[in-house]
file target_29.pdb (PDB, C-alpha atoms)
ATOM      1  CA  MET E  26      97.964 101.848 106.404  1.00  0.00           C
ATOM      2  CA  ALA E  27      99.302  98.484 105.422  1.00  0.00           C
ATOM      3  CA  VAL E  28      98.345  96.104 108.173  1.00  0.00           C
ATOM      4  CA  TRP E  29      97.269  92.498 108.341  1.00  0.00           C
ATOM      5  CA  GLU E  30      93.681  92.201 107.223  1.00  0.00           C
ATOM      6  CA  PRO E  31      91.819  89.023 108.223  1.00  0.00           C
ATOM      7  CA  TYR E  32      91.539  86.678 105.262  1.00  0.00           C
ATOM      8  CA  PRO E  33      88.160  85.124 104.358  1.00  0.00           C
ATOM      9  CA  TYR E  34      87.751  81.630 105.663  1.00  0.00           C
ATOM     10  CA  LYS E  35      87.671  78.740 103.216  1.00  0.00           C
ATOM     11  CA  ASP E  36      84.420  77.357 104.553  1.00  0.00           C
ATOM     12  CA  LYS E  37      82.075  77.445 107.491  1.00  0.00           C
ATOM     13  CA  ILE E  38      83.909  74.666 109.309  1.00  0.00           C
ATOM     14  CA  ASP E  39      87.043  76.761 109.585  1.00  0.00           C
ATOM     15  CA  ASP E  40      84.949  79.754 110.607  1.00  0.00           C
ATOM     16  CA  ASP E  41      83.169  77.853 113.371  1.00  0.00           C
ATOM     17  CA  PHE E  42      86.445  76.368 114.590  1.00  0.00           C
ATOM     18  CA  GLU E  43      88.113  79.752 114.933  1.00  0.00           C
ATOM     19  CA  LEU E  44      85.035  81.222 116.602  1.00  0.00           C
ATOM     20  CA  SER E  45      85.128  78.413 119.149  1.00  0.00           C
ATOM     21  CA  ILE E  46      88.737  79.323 119.964  1.00  0.00           C
ATOM     22  CA  VAL E  47      87.770  82.945 120.466  1.00  0.00           C
ATOM     23  CA  CYS E  48      84.918  81.928 122.752  1.00  0.00           C
ATOM     24  CA  HIS E  49      87.406  80.125 124.997  1.00  0.00           C
ATOM     25  CA  ARG E  50      89.149  83.439 125.778  1.00  0.00           C
ATOM     26  CA  PRO E  51      86.370  85.846 126.784  1.00  0.00           C
ATOM     27  CA  GLU E  52      88.283  87.323 129.712  1.00  0.00           C
ATOM     28  CA  GLY E  53      91.219  88.163 127.486  1.00  0.00           C
ATOM     29  CA  LEU E  54      88.982  89.855 124.943  1.00  0.00           C
ATOM     30  CA  ASP E  55      87.186  91.805 127.662  1.00  0.00           C
ATOM     31  CA  LYS E  56      90.529  93.102 128.904  1.00  0.00           C
ATOM     32  CA  LEU E  57      91.683  94.026 125.408  1.00  0.00           C
ATOM     33  CA  GLU E  58      88.403  95.773 124.710  1.00  0.00           C
ATOM     34  CA  ALA E  59      88.999  97.955 127.769  1.00  0.00           C
ATOM     35  CA  GLN E  60      92.624  98.638 126.793  1.00  0.00           C
ATOM     36  CA  THR E  61      92.119  99.353 123.090  1.00  0.00           C
ATOM     37  CA  ASN E  62      89.823 101.288 120.791  1.00  0.00           C
ATOM     38  CA  PHE E  63      88.323  98.134 119.282  1.00  0.00           C
ATOM     39  CA  SER E  64      84.959  96.569 120.047  1.00  0.00           C
ATOM     40  CA  LYS E  65      84.734  92.938 121.124  1.00  0.00           C
ATOM     41  CA  GLN E  66      83.335  92.000 117.726  1.00  0.00           C
ATOM     42  CA  GLU E  67      86.254  93.701 115.969  1.00  0.00           C
ATOM     43  CA  LEU E  68      88.703  91.945 118.286  1.00  0.00           C
ATOM     44  CA  GLN E  69      87.137  88.592 117.453  1.00  0.00           C
ATOM     45  CA  VAL E  70      87.561  89.216 113.722  1.00  0.00           C
ATOM     46  CA  LEU E  71      91.144  90.390 114.195  1.00  0.00           C
ATOM     47  CA  TYR E  72      91.945  87.422 116.413  1.00  0.00           C
ATOM     48  CA  ARG E  73      90.563  84.989 113.849  1.00  0.00           C
ATOM     49  CA  GLY E  74      92.722  86.590 111.168  1.00  0.00           C
ATOM     50  CA  PHE E  75      95.777  86.523 113.417  1.00  0.00           C
ATOM     51  CA  LYS E  76      95.271  82.832 114.231  1.00  0.00           C
ATOM     52  CA  ASN E  77      94.691  82.065 110.578  1.00  0.00           C
ATOM     53  CA  GLU E  78      98.088  83.526 109.694  1.00  0.00           C
ATOM     54  CA  CYS E  79      99.812  82.360 112.884  1.00  0.00           C
ATOM     55  CA  PRO E  80      98.222  79.184 114.259  1.00  0.00           C
ATOM     56  CA  SER E  81     100.722  79.029 117.120  1.00  0.00           C
ATOM     57  CA  GLY E  82      99.412  82.345 118.430  1.00  0.00           C
ATOM     58  CA  VAL E  83     102.784  84.106 118.186  1.00  0.00           C
ATOM     59  CA  VAL E  84     104.790  85.591 115.311  1.00  0.00           C
ATOM     60  CA  ASN E  85     108.566  85.417 115.092  1.00  0.00           C
ATOM     61  CA  GLU E  86     110.573  87.803 112.938  1.00  0.00           C
ATOM     62  CA  ASP E  87     111.006  85.458 109.983  1.00  0.00           C
ATOM     63  CA  THR E  88     107.267  84.840 109.742  1.00  0.00           C
ATOM     64  CA  PHE E  89     106.585  88.562 110.139  1.00  0.00           C
ATOM     65  CA  LYS E  90     108.916  89.337 107.248  1.00  0.00           C
ATOM     66  CA  GLN E  91     107.262  86.729 105.042  1.00  0.00           C
ATOM     67  CA  ILE E  92     103.809  88.127 105.716  1.00  0.00           C
ATOM     68  CA  TYR E  93     104.874  91.737 105.300  1.00  0.00           C
ATOM     69  CA  ALA E  94     106.667  91.051 102.016  1.00  0.00           C
ATOM     70  CA  GLN E  95     103.330  90.060 100.473  1.00  0.00           C
ATOM     71  CA  PHE E  96     102.209  93.689 100.620  1.00  0.00           C
ATOM     72  CA  PHE E  97     105.263  94.986  98.724  1.00  0.00           C
ATOM     73  CA  PRO E  98     106.116  92.530  95.935  1.00  0.00           C
ATOM     74  CA  HIS E  99     108.050  95.124  93.906  1.00  0.00           C
ATOM     75  CA  GLY E 100     110.565  96.014  96.599  1.00  0.00           C
ATOM     76  CA  ASP E 101     112.652  94.542  99.400  1.00  0.00           C
ATOM     77  CA  ALA E 102     110.646  94.764 102.624  1.00  0.00           C
ATOM     78  CA  SER E 103     112.973  92.725 104.834  1.00  0.00           C
ATOM     79  CA  THR E 104     114.889  95.602 106.443  1.00  0.00           C
ATOM     80  CA  TYR E 105     111.841  97.717 107.178  1.00  0.00           C
ATOM     81  CA  ALA E 106     109.972  94.653 108.450  1.00  0.00           C
ATOM     82  CA  HIS E 107     112.876  94.072 110.851  1.00  0.00           C
ATOM     83  CA  TYR E 108     112.536  97.578 112.288  1.00  0.00           C
ATOM     84  CA  LEU E 109     108.758  97.316 112.406  1.00  0.00           C
ATOM     85  CA  PHE E 110     108.926  93.949 114.141  1.00  0.00           C
ATOM     86  CA  ASN E 111     111.160  95.426 116.836  1.00  0.00           C
ATOM     87  CA  ALA E 112     108.672  98.251 117.337  1.00  0.00           C
ATOM     88  CA  PHE E 113     105.805  95.788 117.761  1.00  0.00           C
ATOM     89  CA  ASP E 114     107.926  93.585 120.037  1.00  0.00           C
ATOM     90  CA  SER E 115     107.948  96.087 122.881  1.00  0.00           C
ATOM     91  CA  ALA E 116     108.753  93.355 125.396  1.00  0.00           C
ATOM     92  CA  HIS E 117     111.947  92.395 123.485  1.00  0.00           C
ATOM     93  CA  SER E 118     110.842  88.755 123.576  1.00  0.00           C
ATOM     94  CA  GLY E 119     111.685  87.908 119.964  1.00  0.00           C
ATOM     95  CA  SER E 120     108.043  87.259 119.121  1.00  0.00           C
ATOM     96  CA  ILE E 121     104.774  89.146 118.836  1.00  0.00           C
ATOM     97  CA  LYS E 122     101.684  87.909 120.620  1.00  0.00           C
ATOM     98  CA  PHE E 123      98.176  88.921 119.626  1.00  0.00           C
ATOM     99  CA  GLU E 124      97.891  91.211 122.629  1.00  0.00           C
ATOM    100  CA  GLY E 125     100.975  93.201 121.672  1.00  0.00           C
ATOM    101  CA  PHE E 126      99.972  93.325 118.031  1.00  0.00           C
ATOM    102  CA  ILE E 127      96.473  94.571 118.756  1.00  0.00           C
ATOM    103  CA  MET E 128      97.631  97.224 121.238  1.00  0.00           C
ATOM    104  CA  ALA E 129      99.951  98.707 118.620  1.00  0.00           C
ATOM    105  CA  LEU E 130      97.308  98.442 115.917  1.00  0.00           C
ATOM    106  CA  SER E 131      94.821 100.278 118.115  1.00  0.00           C
ATOM    107  CA  THR E 132      97.289 103.127 118.564  1.00  0.00           C
ATOM    108  CA  LEU E 133      98.139 103.352 114.874  1.00  0.00           C
ATOM    109  CA  LEU E 134      94.578 103.190 113.606  1.00  0.00           C
ATOM    110  CA  ARG E 135      92.571 104.921 116.324  1.00  0.00           C
ATOM    111  CA  GLY E 136      94.951 106.590 118.733  1.00  0.00           C
ATOM    112  CA  SER E 137      95.274 110.321 119.262  1.00  0.00           C
ATOM    113  CA  VAL E 138      97.726 112.317 117.143  1.00  0.00           C
ATOM    114  CA  ARG E 139     100.189 112.366 120.031  1.00  0.00           C
ATOM    115  CA  GLU E 140      99.866 108.597 120.562  1.00  0.00           C
ATOM    116  CA  LYS E 141     100.478 107.928 116.867  1.00  0.00           C
ATOM    117  CA  LEU E 142     103.475 110.248 116.777  1.00  0.00           C
ATOM    118  CA  THR E 143     104.908 108.684 119.943  1.00  0.00           C
ATOM    119  CA  TRP E 144     104.635 105.231 118.392  1.00  0.00           C
ATOM    120  CA  THR E 145     106.297 106.504 115.194  1.00  0.00           C
ATOM    121  CA  PHE E 146     109.069 108.100 117.252  1.00  0.00           C
ATOM    122  CA  ASN E 147     109.730 104.750 118.938  1.00  0.00           C
ATOM    123  CA  LEU E 148     109.936 103.093 115.531  1.00  0.00           C
ATOM    124  CA  TYR E 149     112.629 105.558 114.422  1.00  0.00           C
ATOM    125  CA  ASP E 150     114.473 105.281 117.755  1.00  0.00           C
ATOM    126  CA  ILE E 151     116.182 102.064 116.707  1.00  0.00           C
ATOM    127  CA  ASN E 152     118.533 101.735 119.692  1.00  0.00           C
ATOM    128  CA  ARG E 153     115.784 102.801 122.096  1.00  0.00           C
ATOM    129  CA  ASP E 154     117.853 105.399 123.898  1.00  0.00           C
ATOM    130  CA  GLY E 155     115.074 107.993 123.853  1.00  0.00           C
ATOM    131  CA  TYR E 156     116.522 110.001 120.961  1.00  0.00           C
ATOM    132  CA  ILE E 157     116.499 109.825 117.176  1.00  0.00           C
ATOM    133  CA  ASN E 158     119.807 110.568 115.510  1.00  0.00           C
ATOM    134  CA  LYS E 159     120.328 111.225 111.823  1.00  0.00           C
ATOM    135  CA  GLU E 160     121.735 107.751 111.179  1.00  0.00           C
ATOM    136  CA  GLU E 161     118.664 106.068 112.676  1.00  0.00           C
ATOM    137  CA  MET E 162     116.267 108.141 110.622  1.00  0.00           C
ATOM    138  CA  THR E 163     118.330 107.547 107.482  1.00  0.00           C
ATOM    139  CA  ASP E 164     118.209 103.791 108.093  1.00  0.00           C
ATOM    140  CA  ILE E 165     114.426 103.811 108.461  1.00  0.00           C
ATOM    141  CA  VAL E 166     113.745 106.099 105.511  1.00  0.00           C
ATOM    142  CA  SER E 167     116.131 104.123 103.285  1.00  0.00           C
ATOM    143  CA  ALA E 168     114.412 100.891 104.283  1.00  0.00           C
ATOM    144  CA  ILE E 169     111.035 102.398 103.367  1.00  0.00           C
ATOM    145  CA  TYR E 170     112.283 103.461  99.929  1.00  0.00           C
ATOM    146  CA  ASP E 171     113.782 100.010  99.367  1.00  0.00           C
ATOM    147  CA  MET E 172     110.492  98.405 100.302  1.00  0.00           C
ATOM    148  CA  MET E 173     108.299 100.603  98.104  1.00  0.00           C
ATOM    149  CA  GLY E 174     110.359  99.716  95.051  1.00  0.00           C
ATOM    150  CA  LYS E 175     110.914 101.306  91.673  1.00  0.00           C
ATOM    151  CA  TYR E 176     107.274 101.129  90.645  1.00  0.00           C
ATOM    152  CA  THR E 177     106.247 103.535  93.378  1.00  0.00           C
ATOM    153  CA  TYR E 178     109.244 105.838  93.030  1.00  0.00           C
ATOM    154  CA  PRO E 179     110.280 105.702  89.312  1.00  0.00           C
ATOM    155  CA  ALA E 180     112.557 108.739  89.610  1.00  0.00           C
ATOM    156  CA  LEU E 181     114.136 107.794  92.931  1.00  0.00           C
ATOM    157  CA  LYS E 182     117.818 108.607  93.239  1.00  0.00           C
ATOM    158  CA  THR E 183     120.222 106.926  95.630  1.00  0.00           C
ATOM    159  CA  ASP E 184     120.699 110.088  97.672  1.00  0.00           C
ATOM    160  CA  THR E 185     116.968 110.847  98.056  1.00  0.00           C
ATOM    161  CA  PRO E 186     116.606 109.292 101.547  1.00  0.00           C
ATOM    162  CA  LYS E 187     119.567 111.332 102.808  1.00  0.00           C
ATOM    163  CA  GLN E 188     118.126 114.541 101.381  1.00  0.00           C
ATOM    164  CA  HIS E 189     114.794 113.765 102.979  1.00  0.00           C
ATOM    165  CA  VAL E 190     116.380 113.144 106.370  1.00  0.00           C
ATOM    166  CA  ASP E 191     118.536 116.272 106.156  1.00  0.00           C
ATOM    167  CA  ALA E 192     115.401 118.342 105.601  1.00  0.00           C
ATOM    168  CA  PHE E 193     113.651 116.634 108.509  1.00  0.00           C
ATOM    169  CA  PHE E 194     116.515 117.159 110.897  1.00  0.00           C
ATOM    170  CA  GLN E 195     116.985 120.801 110.052  1.00  0.00           C
ATOM    171  CA  LYS E 196     113.405 121.415 111.181  1.00  0.00           C
ATOM    172  CA  MET E 197     113.206 118.930 114.051  1.00  0.00           C
ATOM    173  CA  ASP E 198     116.483 119.413 115.897  1.00  0.00           C
ATOM    174  CA  LYS E 199     115.401 122.618 117.627  1.00  0.00           C
ATOM    175  CA  ASN E 200     118.464 123.011 119.862  1.00  0.00           C
ATOM    176  CA  ARG E 201     120.946 121.764 117.227  1.00  0.00           C
ATOM    177  CA  ASP E 202     122.420 119.072 119.448  1.00  0.00           C
ATOM    178  CA  GLY E 203     122.399 116.403 116.741  1.00  0.00           C
ATOM    179  CA  VAL E 204     119.496 114.372 118.113  1.00  0.00           C
ATOM    180  CA  VAL E 205     115.720 114.686 118.142  1.00  0.00           C
ATOM    181  CA  THR E 206     113.808 114.171 121.376  1.00  0.00           C
ATOM    182  CA  LEU E 207     110.206 112.993 121.594  1.00  0.00           C
ATOM    183  CA  ASP E 208     109.021 116.514 122.412  1.00  0.00           C
ATOM    184  CA  GLU E 209     110.953 117.977 119.473  1.00  0.00           C
ATOM    185  CA  PHE E 210     109.559 115.294 117.199  1.00  0.00           C
ATOM    186  CA  ILE E 211     105.950 115.861 118.200  1.00  0.00           C
ATOM    187  CA  LEU E 212     106.257 119.648 118.147  1.00  0.00           C
ATOM    188  CA  SER E 213     107.874 119.660 114.712  1.00  0.00           C
ATOM    189  CA  CYS E 214     105.246 117.345 113.257  1.00  0.00           C
ATOM    190  CA  GLN E 215     102.405 119.425 114.628  1.00  0.00           C
ATOM    191  CA  GLU E 216     103.966 122.682 113.461  1.00  0.00           C
ATOM    192  CA  ASP E 217     104.905 121.668 109.942  1.00  0.00           C
ATOM    193  CA  GLU E 218     102.278 120.282 107.576  1.00  0.00           C
ATOM    194  CA  ASN E 219     104.947 119.081 105.149  1.00  0.00           C
ATOM    195  CA  ILE E 220     106.544 116.889 107.814  1.00  0.00           C
ATOM    196  CA  MET E 221     103.151 115.555 108.865  1.00  0.00           C
ATOM    197  CA  ARG E 222     102.281 114.687 105.266  1.00  0.00           C
ATOM    198  CA  SER E 223     105.627 112.936 104.805  1.00  0.00           C
ATOM    199  CA  LEU E 224     105.160 110.937 107.992  1.00  0.00           C
ATOM    200  CA  GLN E 225     101.636 110.054 106.912  1.00  0.00           C
ATOM    201  CA  LEU E 226     103.071 108.637 103.697  1.00  0.00           C
ATOM    202  CA  PHE E 227     105.555 106.603 105.722  1.00  0.00           C
ATOM    203  CA  LYS E 228     102.882 105.453 108.190  1.00  0.00           C
ATOM    204  CA  ASN E 229     100.843 104.140 105.271  1.00  0.00           C
ATOM    205  CA  VAL E 230     103.406 101.348 105.001  1.00  0.00           C
ATOM    206  CA  ILE E 231     102.935 100.253 108.628  1.00  0.00           C
TER     207      ILE E 231
END
call {"tool": "encode", "arguments": {"input": "target_29.pdb", "output": "structure tokens"}}
result
Amino acid sequence: MAVWEPYPYKDKIDDDFELSIVCHRPEGLDKLEAQTNFSKQELQVLYRGFKNECPSGVVNEDTFKQIYAQFFPHGDASTYAHYLFNAFDSAHSGSIKFEGFIMALSTLLRGSVREKLTWTFNLYDINRDGYINKEEMTDIVSAIYDMMGKYTYPALKTDTPKQHVDAFFQKMDKNRDGVVTLDEFILSCQEDENIMRSLQLFKNVI
């Protein structure tokens, strides 16, 4: 999965400085350790990397897009990064703090299958009304194809995202009401290996 990986520090001075910052927040790390699937040592490394990229301790959408674009130089990641930012910004504050980032990362990397699928559902539920409609899924899938670029999909046609979504919806919309609920989403993913493999491909870009 494409996530922020902590960058190596330039020298020991920087390393010691960041470690000293971490040591000033032991209660916060203890709480995060209890709430996530990361050890305290892992949280310290992740926090150092987060602070290295975002010295202010928070990430706004523009900065998030700039960082995310580095992972996909052959495509346009801005639209997908916008959707992903909104999914990380669960508090609707317009910025992502380390706590929110690490909680989501814990779910995506080490959560149960249901937790991962619930998070993915919330990503696709753009208007956050508790349902995924075909337009929302088309927007997300199209943004993913745009981001991956022509080098990853050399034979990509303009109607491929729509075809992909049509196939998804035919299997997911169990009661044919035009929307997919969380339960329908999870059930469909667990029942159909093809859907799960497709979603795994998409989650690799998170």
call {"tool": "closest_residue", "arguments": {"input": "target_29.pdb", "among": "E:Phe63, E:Phe194, E:Phe110, E:Tyr72", "to": "Arg135 (chain E)", "atoms": "all atoms listed in the file"}}
result
E:Phe63
call {"tool": "residues_near_point", "arguments": {"input": "target_29.pdb", "point": "(107.2, 119.5, 116.2)", "cutoff": "12 Å", "atoms": "all atoms listed in the file", "output": "ChimeraX atom specification"}}
result
/E:138-139,142-143,146,193-199,205-221
call {"tool": "closest_residue", "arguments": {"input": "target_29.pdb", "among": "E:Lys56, E:Arg73, E:Lys90, E:Arg201", "to": "Asn111 (chain E)", "atoms": "all atoms listed in the file"}}
result
E:Lys90
call {"tool": "resolve_selection", "arguments": {"input": "target_29.pdb", "expression": "the PyMOL selection byres ((chain E and resi 160) around 12)", "output": "compact mmCIF listing (two decimals) with C-alpha atoms, in the coordinates of the input"}}
result
# COMPACT_ATOMS: atom_id res chain seq x y z
CA TYR E 149 112.63 105.56 114.42
CA ASP E 150 114.47 105.28 117.76
CA ILE E 151 116.18 102.06 116.71
CA ASN E 152 118.53 101.74 119.69
CA TYR E 156 116.52 110.00 120.96
CA ILE E 157 116.50 109.82 117.18
CA ASN E 158 119.81 110.57 115.51
CA LYS E 159 120.33 111.22 111.82
CA GLU E 161 118.66 106.07 112.68
CA MET E 162 116.27 108.14 110.62
CA THR E 163 118.33 107.55 107.48
CA ASP E 164 118.21 103.79 108.09
CA ILE E 165 114.43 103.81 108.46
CA VAL E 166 113.74 106.10 105.51
CA SER E 167 116.13 104.12 103.28
CA PRO E 186 116.61 109.29 101.55
CA LYS E 187 119.57 111.33 102.81
CA VAL E 190 116.38 113.14 106.37
CA ASP E 191 118.54 116.27 106.16
CA PHE E 194 116.52 117.16 110.90
CA GLY E 203 122.40 116.40 116.74
CA VAL E 204 119.50 114.37 118.11
CA VAL E 205 115.72 114.69 118.14
call {"tool": "closest_residue", "arguments": {"input": "target_29.pdb", "among": "E:Leu148, E:Leu130, E:Ala192, E:Cys79", "to": "Asn62 (chain E)", "atoms": "all atoms listed in the file"}}
result
E:Leu130
call {"tool": "residues_around", "arguments": {"input": "target_29.pdb", "residues": "Leu133 (chain E)", "least_positions_apart": "2", "cutoff": "9 Å", "atoms": "only C-alpha atoms", "output": "list in words"}}
result
Met26, Met128, Ala129, Leu130, Ser131, Arg135, Gly136, Ser137, Glu140, Lys141, Leu142, Trp144, Thr145, Lys228 and Ile231 of chain E
call {"tool": "closest_residue", "arguments": {"input": "target_29.pdb", "among": "E:Asn147, E:Leu57, E:Asn200, E:Ile92", "to": "Phe75 (chain E)", "atoms": "all atoms listed in the file"}}
result
E:Ile92
call {"tool": "atom_distance", "arguments": {"input": "target_29.pdb", "atom1": "CA of Ala102 (chain E)", "atom2": "CA of Glu124 (chain E)"}}
result
24.0 Å
call {"tool": "axis_aligned_box", "arguments": {"input": "target_29.pdb", "around": "region 167-174 of chain E", "padding_each_side": "6 Å", "output": "lines of an AutoDock Vina configuration file"}}
result
center_x = 112.2
center_y = 101.3
center_z = 99.7
size_x = 19.8
size_y = 17.7
size_z = 21.2
call {"tool": "build_atoms", "arguments": {"input": "target_29.pdb", "residues": "region 129-140 of chain E", "atoms": "N, CA, C and O atoms", "output": "PDB file, in the coordinates of the input"}}
result
ATOM      1  N   ALA E 129      99.287  97.805 119.553  1.00  0.00           N
ATOM      2  CA  ALA E 129      99.951  98.707 118.620  1.00  0.00           C
ATOM      3  C   ALA E 129      99.006  99.109 117.493  1.00  0.00           C
ATOM      4  O   ALA E 129      98.958 100.277 117.090  1.00  0.00           O
ATOM      5  N   LEU E 130      98.241  98.162 116.994  1.00  0.00           N
ATOM      6  CA  LEU E 130      97.308  98.442 115.917  1.00  0.00           C
ATOM      7  C   LEU E 130      96.251  99.452 116.352  1.00  0.00           C
ATOM      8  O   LEU E 130      95.868 100.341 115.589  1.00  0.00           O
ATOM      9  N   SER E 131      95.803  99.333 117.573  1.00  0.00           N
ATOM     10  CA  SER E 131      94.821 100.278 118.115  1.00  0.00           C
ATOM     11  C   SER E 131      95.389 101.691 118.127  1.00  0.00           C
ATOM     12  O   SER E 131      94.710 102.665 117.765  1.00  0.00           O
ATOM     13  N   THR E 132      96.647 101.813 118.536  1.00  0.00           N
ATOM     14  CA  THR E 132      97.289 103.127 118.564  1.00  0.00           C
ATOM     15  C   THR E 132      97.428 103.701 117.165  1.00  0.00           C
ATOM     16  O   THR E 132      97.104 104.870 116.915  1.00  0.00           O
ATOM     17  N   LEU E 133      97.875 102.872 116.225  1.00  0.00           N
ATOM     18  CA  LEU E 133      98.139 103.352 114.874  1.00  0.00           C
ATOM     19  C   LEU E 133      96.871 103.713 114.111  1.00  0.00           C
ATOM     20  O   LEU E 133      96.847 104.659 113.326  1.00  0.00           O
ATOM     21  N   LEU E 134      95.810 102.961 114.347  1.00  0.00           N
ATOM     22  CA  LEU E 134      94.578 103.190 113.606  1.00  0.00           C
ATOM     23  C   LEU E 134      93.643 104.178 114.290  1.00  0.00           C
ATOM     24  O   LEU E 134      92.983 104.969 113.623  1.00  0.00           O
ATOM     25  N   ARG E 135      93.599 104.152 115.628  1.00  0.00           N
ATOM     26  CA  ARG E 135      92.571 104.921 116.324  1.00  0.00           C
ATOM     27  C   ARG E 135      93.094 105.715 117.513  1.00  0.00           C
ATOM     28  O   ARG E 135      92.312 106.230 118.306  1.00  0.00           O
ATOM     29  N   GLY E 136      94.394 105.810 117.636  1.00  0.00           N
ATOM     30  CA  GLY E 136      94.951 106.590 118.733  1.00  0.00           C
ATOM     31  C   GLY E 136      94.899 108.079 118.436  1.00  0.00           C
ATOM     32  O   GLY E 136      94.588 108.505 117.326  1.00  0.00           O
ATOM     33  N   SER E 137      95.199 108.875 119.448  1.00  0.00           N
ATOM     34  CA  SER E 137      95.274 110.321 119.262  1.00  0.00           C
ATOM     35  C   SER E 137      96.497 110.649 118.414  1.00  0.00           C
ATOM     36  O   SER E 137      97.372 109.804 118.188  1.00  0.00           O
ATOM     37  N   VAL E 138      96.572 111.894 117.940  1.00  0.00           N
ATOM     38  CA  VAL E 138      97.726 112.317 117.143  1.00  0.00           C
ATOM     39  C   VAL E 138      99.011 112.130 117.941  1.00  0.00           C
ATOM     40  O   VAL E 138     100.010 111.626 117.424  1.00  0.00           O
ATOM     41  N   ARG E 139      98.986 112.504 119.205  1.00  0.00           N
ATOM     42  CA  ARG E 139     100.189 112.366 120.031  1.00  0.00           C
ATOM     43  C   ARG E 139     100.563 110.891 120.202  1.00  0.00           C
ATOM     44  O   ARG E 139     101.744 110.542 120.157  1.00  0.00           O
ATOM     45  N   GLU E 140      99.579 110.025 120.400  1.00  0.00           N
ATOM     46  CA  GLU E 140      99.866 108.597 120.562  1.00  0.00           C
ATOM     47  C   GLU E 140     100.485 108.023 119.282  1.00  0.00           C
ATOM     48  O   GLU E 140     101.437 107.236 119.340  1.00  0.00           O
TER      49      GLU E 140
END
